[in-house]
Number of protein chains: 2
Amino acid sequence: MNEPSTSRRRDRARLAAAAAIAAAVILVPGVAFAATSGAPRDNGGATRHTADTSESVRSAIKNGKAQNVILLIGDGMGDSEITIARNYQYGAAGRLPGIDALPLTGQYTTYSVYKDGANKGKPDYVPDSAATGSAWATGTKTYDGAISVDIDGAPQQTLLEIAKANGLKTGDVSTAEIQDATPAVLVSHVGARGCYGPESTACGSDALAAGGRGSISEQLLGTRPDVTLGGGSASFTQTATAGPWSGSTLFEQAKARGYQVVGDAPSLAAVTTASQSSPVLGLFTAGNFPTRFAATTATVGGADLAPVTCQPNPERLTTDLSLSALTTKAISLLQNKKGFFLQVEGASIDKRDHSADACGQIGETVDFDEAVQAALAFAQKDGNTLVLVTADHAHSSQIVDSTPPTSLSTALTTADGTVMKVSYGTAGPGASQQHTGSQLRIAGYGPGASNVVGLTDQTDTFFTIANALKLDRNTAALSDRAKASVERRDVAPGASVSLSARKFDGDRQVTAVVDPGATAVGSADVIGGDATLTFTAPKKAGDYTVTVTGAQSGKQVVVKFTVKK
Amino acid sequence: MNEPSTSRRRDRARLAAAAAIAAAVILVPGVAFAATSGAPRDNGGATRHTADTSESVRSAIKNGKAQNVILLIGDGMGDSEITIARNYQYGAAGRLPGIDALPLTGQYTTYSVYKDGANKGKPDYVPDSAATGSAWATGTKTYDGAISVDIDGAPQQTLLEIAKANGLKTGDVSTAEIQDATPAVLVSHVGARGCYGPESTACGSDALAAGGRGSISEQLLGTRPDVTLGGGSASFTQTATAGPWSGSTLFEQAKARGYQVVGDAPSLAAVTTASQSSPVLGLFTAGNFPTRFAATTATVGGADLAPVTCQPNPERLTTDLSLSALTTKAISLLQNKKGFFLQVEGASIDKRDHSADACGQIGETVDFDEAVQAALAFAQKDGNTLVLVTADHAHSSQIVDSTPPTSLSTALTTADGTVMKVSYGTAGPGASQQHTGSQLRIAGYGPGASNVVGLTDQTDTFFTIANALKLDRNTAALSDRAKASVERRDVAPGASVSLSARKFDGDRQVTAVVDPGATAVGSADVIGGDATLTFTAPKKAGDYTVTVTGAQSGKQVVVKFTVKK
């Protein structure tokens, strides 16, 4: 039995540690749980709590409005991937300083639904990142490959669009191409996730040239987040083939629409503000960001080979472009008295898991964890920010005891100095390992975070965020008080007319049509509720109207003007 | 975009549903979250919460003492296994009525530690059920195969032993052989989990014949839980080869020590009380319980075959011996004003996962969920019971999208009417699929349940339970006030002496030695703190002492007596 005196001594050590933690908890309420003293082999030596947590959990529950929300998505970061990264980088008894620090935790379901056929609308148990991202971005379950459209193709409003309509600043940050599913779901609505740019053949009827809403990149420019940071510049070098910016590259279009376009760390460092009049578009790689660690290759029997230690990837971007640095930069640009909504994605946990690359996925998880730390550091200081950390779907990697006979595997030497064997059993060598359908961890800190506790579905996250920010989801009504005016009521034939639209808060663009004649005379971005555009008056004298229509709300305002003889 | 009027209509539906839930929550605080209306494909139709949960989560946090604790372990029931069972039985948008109803949730780590060699004491990332059970049973991490001994072989006090010493009733229920690791860790201390009975060769120095504490079955009889229900009668037909009951079978020993031994449903139904004077030992099968569903066999390429529907197992025990029925029975026998500690294990989720048997593991998860429902039903009514639900380690099964090329797989038609593919990739055909090392879900309801929130380790669960019950873990001190007396101080040579020991609350047995002569004169079970034994007085006249020693506390009480001429 535990010798009582030793047991008492350990109790004292535990109490002393608890007191130290209690002090820490005062500084960072609801977040800090330090490790106990003692070795994992000792009685109580492996515990993670040091005292009853009823009060600390209770104090972590904050209802009321959140000023800001930061949603961090580890793509493909199931509980197995979290454990693999913790074991490797910090040891099994260690902690991922960001991910593991969140005080409120739960699980959520991630299934998608079938698009058509006999199973239309029924659960599809293994989702992709497009369906899962659309689920939390819009609150609507959809089919694999869909970017914020429902199974009938109807676009669903996104959190970023709604937050923007409610006057919040918005940001979208990823280590992937910014057109990749997870960042794309916030800013665009297409039926096929591959519709990256005007040259993408995947666009089909979504292409501007086909009368659609345009590619993900083009829709991103129209959605106009205040801050967009990631990879995927290649699509922006493509040239629009239809619409108001036909003939210009998307980079040219971005500049014409007022974006601050940056492509490297010094240029990003020089950016000091981001707003609707000057949003920031920072694209630092043509495709996805290079990973933190160099890739390892799992093989059949690989875990029987000498265990590896992960090596830095020489191609990695400089640390001022790490996900953590981009998160901190985005927060600094978004902070404002009306609040902000920011999504941050660690994209390549998933991508390296697909490639059965243990070091790759570990490095990306550690990298993502540092971004979580950056978000928590701000939230703790701010005191009024909801931070949510989760994944979109589970993935293949498993920690096993012995080398599996047919699955790919790799052995690694961890921070503990012992060997961890990681197995990938859902695809063969060179093929893509599969997503898996397990429920996932979701964790939160700040106002509204208790909504992650228990079992939820991915679509609950949409409502958790919208409700925490007290967003009015009826954004069309936000344009109810819209007005418009022309600079002068009487104009000369063929003169230039300056049209001002105001309080179109529920819209991102307005269009203008002159009657009689039903002449489309232009469109303009709505910036802070307002838009201006200049058109040429008809040559024929008479009384005219110009109808200004909110592109999203459908709100119409009619302004009269007269062309003099 | 969501058409606003529709959106508002859905909001109204959500609010109405929320109001209905709020009413339900009053009846069963902290547990009930009903599903929302609407199809999963609709906006908000797949959500599981219907309103902000800050208040319901806050109200689910209860500090203060728990009268009772029910710990339910789904062996091998990782998040993947939970999801597989939910998808199959209730659909992806459905709920496991027990498991999914617990209001407070978290994740915990399950690693074991190495016993010896260069890695002694360091983490072993994939644990077995012996190490993991020992971790929550004792608060001490240990090596794979260890039953509540540390890596140096030192026995560690278990929750059941401590609860009993503190005057609580105790119970141990499993669908496995009661000697299997998970039930064994509460009642015994052996170095090798295979030490089931006196004939087990695995016992080595733990055998009574070798001077050890005896096999798991023999130690179980000495630990004397008030209620023990499960399988594993085979070991009790073995004959003790050493100790006070040498030459008797363990069943004979059990009866001699006051146990009510039952072996079928009618006999169990006839049992109306369980106590330290008449504890219940119900063993209903020679080995493990048969499973609920008939086995399916996963094969390479199996998920490409016609999907299966799980079939009842004709060998299944009658429903009055289901895990749920045994849980209800155990609770009814354990209820008392001093409180109880009960562990319930659904053992064969793990065993069927090892066998790549999808239907088997699903049926056992559903069965286990019904036991959770039974525990929650009692706890809700009682209002002062902590219910914890978790697993010991993760396992192999994964839900995949397409049939993996080399792993074993099975396709099933689920409650949704769609096909779920389950893959097993950690072992080949006929070999045992492996445990995996992922962190796991832990969930709770009742006083102290908030200690599961966030990230904990399996060893935290020991302290969560001990603290909720306000157990004095210094059980040796519970024998501090022990007394002993003989019926008569003056006895005739060779007369029978009746010795009474009292207030040995920290002990389960006492031994008696007469001096001078250092003659061991017997041992006795401590029942409710008291023990009596009868010994034969020396033949030589003179003054003697009999020293009564608490077998667990080491507390010694010396009683004088005189042998007259």
# chains A, B, ... in the order shown; residues from 1 in each chain; ligands from 1

$ interface_residues --of "chain B" --to "chain A" --cutoff "6 Å" --atoms "only C-alpha atoms" --output "count of residues only"
46

$ residues_around --residues "Leu281 of chain B" --least-positions-apart "4" --cutoff "8 Å" --atoms "only C-alpha atoms" --output "NGL selection string"
:B and (227-229 or 259-262)

$ residues_around --residues "segment 494-500 of chain B" --least-positions-apart "4" --cutoff "12 Å" --atoms "only C-alpha atoms" --output "PyMOL selection string"
chain B and resi 482-490+504+510-514+521-527+529-541+545-548+557-565

$ atom_distance --atom1 "atom CA of Arg481 of chain A" --atom2 "atom CA of Arg502 of chain A"
8.5 Å

$ select_by_dssp --residues "segment 121-305 of chain A" --states "helix (DSSP H, G or I)" --output "PyMOL selection string"
chain A and resi 129-138+159-165+181-187+201-206+208-210+216-223+233-237+250-256+265-270+302-304
